[in-house]
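For reference, the structure is listed below as structure tokens.
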Protein chains: 2
Amino acid sequence: MTDSINFHNAQVEDILSLDKIRATLQRMEDTIVFNLIERAQFAYNARMYENGAFPDLQQKERWSGSWLAWLLKETECSHAKLGRWIAPDEYAFTPLQDMPEPILKPVDYPNLLHPHHVNVSSKVLEFYTHKIVPQITEGLNRVSDDHQYGSSAICDVEALSAINRRVHFGMFVSESKFRSDPAAFIGPIQQHDRDALAALITKPAVEAILLERVRQKAEIYGQNLDQKMDDPNREKFRKIQAQEVVHLYKEFIIPLTKEVEVDYLLERLDGLAPDEIAALAQRKPN
Amino acid sequence: MTDSINFHNAQVEDILSLDKIRATLQRMEDTIVFNLIERAQFAYNARMYENGAFPDLQQKERWSGSWLAWLLKETECSHAKLGRWIAPDEYAFTPLQDMPEPILKPVDYPNLLHPHHVNVSSKVLEFYTHKIVPQITEGLNRVSDDHQYGSSAICDVEALSAINRRVHFGMFVSESKFRSDPAAFIGPIQQHDRDALAALITKPAVEAILLERVRQKAEIYGQNLDQKMDDPNREKFRKIQAQEVVHLYKEFIIPLTKEVEVDYLLERLDGLAPDEIAALAQRKPN
């Protein structure tokens, strides 16, 4: 088995090896499935996602955003002190300029990605709160609001953070594929041809395997082992339905990752001198 | 299936029904197993658990405790604002007097437990950091320190919080059993007879079933679904070994829960007038 990437001690070649990237993305699937199962214990609690729905937050914390955005900000500020957001694979929902500095001396991460402006956190937040949560919390005889705003928001913060990391990880895929054959990318980048770029990084067969693996993980981790194996109602009491997790990946995580991958590639030549680009265009694939 | 207890809308009889309590304890097993699997991705990182091991924490945050204790304090203070520690089933590691007030008007929780002073959080922290983490992170070719102090401490906070809630939940078991037959408990309480109290609340058959169920959960959730099913090395690459989780329950969670249950019962008559105790002693079991 290939281990997940540890950015603290890995070499650039290791981090950008497609095997390492795939192992890391696969391990993230487990985390995402676990987090969704935990969130699905509670009701939708739509109120948590509306700006200003908790007047006490405004009065006591001068916060006019949503309940969830407040907890994201609180949690992400603590994690900023841990140095989380300077790691090359971590993306926050709270703007970086609103967060404190890391406590420890910054880690000297290897130079991995080309400078870029890609950040789709707000799309992740939007889809998660409006599409995913209502779906995974819509169980048998469930109320839509159970008042468990603390517990459910804590789960949201974890699930969002895992999904956001997964989606932005696409840039390592792009960088790895670009480095292995830069010449193939230069034309489509210069012509701003999103479809051609997407085609260069997409492998439908790999996606099909991914969806099947995610279905299997959700199937296995989402079963209710507290019910007897021969209980005819066992399926009804699953912690999560596998097709909901597959849907999340198919309709959202995969397309948004592709968007991130293409957005990143479109900036990949920015700041390079014409002779540097010409040299890349000559390079043989490896 | 019986749902977990929601303290926001449940009646006292519901919360203290043994069926509800058992369903809640069983659901917590899944959370604990998930959290341990997540923590096991990273190295032991013993430095995180030593007071003063990060001089930057002392300089920048005036914190002389451990790295983990700092993150516990940070996280628990945010959760204090969410009202987490006024819920009858939640126990923090940070002293309550060091944490801020809840933002929302306190929920009017039903009166469930007799006033008590039971709190074994420091024992949970001690055992978790010195026994559990070294064990679950001791994998094949693993280093003992991978420098991932942020990621591993975030997992620790979640695992600790889940284990702490589980252990203190024993008080609901005690209260439920006391209410169903108070007369049986009065003698042993007055004689401070811990063994007799433990015998009144312990069912070895239930414990055996619990351990078997936990083993099964760890077995199923801890498998590595990224390896091919017929890979002869598949077992080596499990995310966690089932016997480690069983060991945690057997050697620690169950005995400590029993300690909590007995400690609580020993305070159960405090503050009652002699005629109230006499009335309880007359009550028939139900």
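Identifiers in this document derive from the order of the structure tokens: chains are assigned A, B, ..., residues are numbered from 1 separately in each chain, and ligands are numbered from 1 in order of occurrence.
The list of residues with at least one atom within 7 Å of range 119-131 of chain B, based on only C-alpha atoms and without residues fewer than 5 positions apart in the same chain, reads Tyr49, Phe93 and Asn164 of chain B.
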Considering only C-alpha atoms, tabulate each residue of chain B that lies at most 6 Å from chain A along with its nearest interatomic pair and the corresponding distance in Å to one decimal; arrange the rows by chain and ascending residue number and present them as CSV.
residue,atom,partner,partner_atom,distance
B:Leu82,CA,A:Gly150,CA,5.5
B:Gly150,CA,A:Leu82,CA,5.5
B:Tyr221,CA,A:Tyr221,CA,5.7
Q) Near Pro274 in chain A, counting only C-alpha atoms, which residues have an atom at most 12 Å away, once you skip same-chain residues fewer than 5 positions from it, shown as an NGL selection string? A) :A and (186 or 190 or 269 or 279-281)
Okay, now the selection with all heavy atoms, as an mmCIF file, in the first residue's frame?
data_model
loop_
_atom_site.group_PDB
_atom_site.id
_atom_site.type_symbol
_atom_site.label_atom_id
_atom_site.label_comp_id
_atom_site.auth_asym_id
_atom_site.auth_seq_id
_atom_site.Cartn_x
_atom_site.Cartn_y
_atom_site.Cartn_z
ATOM 1 N N ILE A 186 0.530 23.229 -23.043
ATOM 2 C CA ILE A 186 0.786 24.640 -23.350
ATOM 3 C C ILE A 186 -0.244 25.227 -24.328
ATOM 4 O O ILE A 186 -0.813 26.291 -24.071
ATOM 5 C CB ILE A 186 2.243 24.828 -23.831
ATOM 6 C CG1 ILE A 186 3.163 24.592 -22.618
ATOM 7 C CG2 ILE A 186 2.468 26.228 -24.399
ATOM 8 C CD1 ILE A 186 4.631 24.653 -22.921
ATOM 9 N N GLN A 190 -2.797 28.257 -23.430
ATOM 10 C CA GLN A 190 -2.714 29.542 -24.118
ATOM 11 C C GLN A 190 -4.014 29.871 -24.858
ATOM 12 O O GLN A 190 -4.381 31.030 -24.994
ATOM 13 C CB GLN A 190 -1.512 29.538 -25.077
ATOM 14 C CG GLN A 190 -0.204 29.616 -24.279
ATOM 15 C CD GLN A 190 1.040 29.487 -25.137
ATOM 16 O OE1 GLN A 190 1.006 28.809 -26.169
ATOM 17 N NE2 GLN A 190 2.128 30.117 -24.712
ATOM 18 N N LEU A 269 1.051 28.969 -16.520
ATOM 19 C CA LEU A 269 2.147 29.621 -17.264
ATOM 20 C C LEU A 269 2.322 31.086 -16.863
ATOM 21 O O LEU A 269 3.250 31.762 -17.340
ATOM 22 C CB LEU A 269 1.901 29.517 -18.774
ATOM 23 C CG LEU A 269 1.696 28.089 -19.320
ATOM 24 C CD1 LEU A 269 1.382 28.136 -20.824
ATOM 25 C CD2 LEU A 269 2.948 27.247 -19.070
ATOM 26 N N ALA A 279 10.944 26.421 -23.663
ATOM 27 C CA ALA A 279 11.705 25.254 -23.194
ATOM 28 C C ALA A 279 10.751 24.143 -22.757
ATOM 29 O O ALA A 279 10.977 22.960 -23.038
ATOM 30 C CB ALA A 279 12.634 25.661 -22.049
ATOM 31 N N LEU A 280 9.657 24.518 -22.053
ATOM 32 C CA LEU A 280 8.674 23.517 -21.631
ATOM 33 C C LEU A 280 8.037 22.847 -22.848
ATOM 34 O O LEU A 280 7.761 21.644 -22.843
ATOM 35 C CB LEU A 280 7.581 24.166 -20.771
ATOM 36 C CG LEU A 280 7.964 24.571 -19.344
ATOM 37 C CD1 LEU A 280 6.836 25.383 -18.700
ATOM 38 C CD2 LEU A 280 8.277 23.334 -18.492
ATOM 39 N N ALA A 281 7.792 23.657 -23.901
ATOM 40 C CA ALA A 281 7.127 23.133 -25.094
ATOM 41 C C ALA A 281 7.989 22.092 -25.813
ATOM 42 O O ALA A 281 7.485 21.254 -26.557
ATOM 43 C CB ALA A 281 6.782 24.290 -26.044
#
Q: Using backbone DSSP assignments, extract all alpha helix (DSSP H) residues from range 14-70 of chain A; output them as a ChimeraX atom specification.
A: /A:14-15,18-39,55-61,67-70
Q: Compile the contact shell of Arg165 in chain B as a list of chain:residue names: residues with an atom at most 9 Å away, counting only C-alpha atoms, same-chain residues fewer than 6 positions apart removed.
A: B:Met28, B:Asp89, B:Glu90, B:Tyr91, B:Ala92
Selected residues written out with N, CA and C atoms, as a CSV table (one decimal), in the first residue's frame:
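The result, stored in again34.csv:
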chain,number,residue,atom,x,y,z
B,28,MET,N,-22.4,5.6,20.3
B,28,MET,CA,-21.1,6.2,20.6
B,28,MET,C,-20.0,5.3,20.3
B,89,ASP,N,-25.0,15.6,29.3
B,89,ASP,CA,-24.1,14.5,29.0
B,89,ASP,C,-22.8,14.9,28.4
B,90,GLU,N,-22.3,16.1,28.7
B,90,GLU,CA,-21.1,16.5,28.1
B,90,GLU,C,-20.1,17.0,29.2
B,91,TYR,N,-18.9,16.5,29.1
B,91,TYR,CA,-17.8,16.8,30.1
B,91,TYR,C,-16.6,17.3,29.4
B,92,ALA,N,-16.1,18.4,29.9
B,92,ALA,CA,-14.9,19.0,29.3
B,92,ALA,C,-13.6,18.6,30.0
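You will find CA of Glu13 in chain B at 10.2 Å from CA of Pro110 in chain B.
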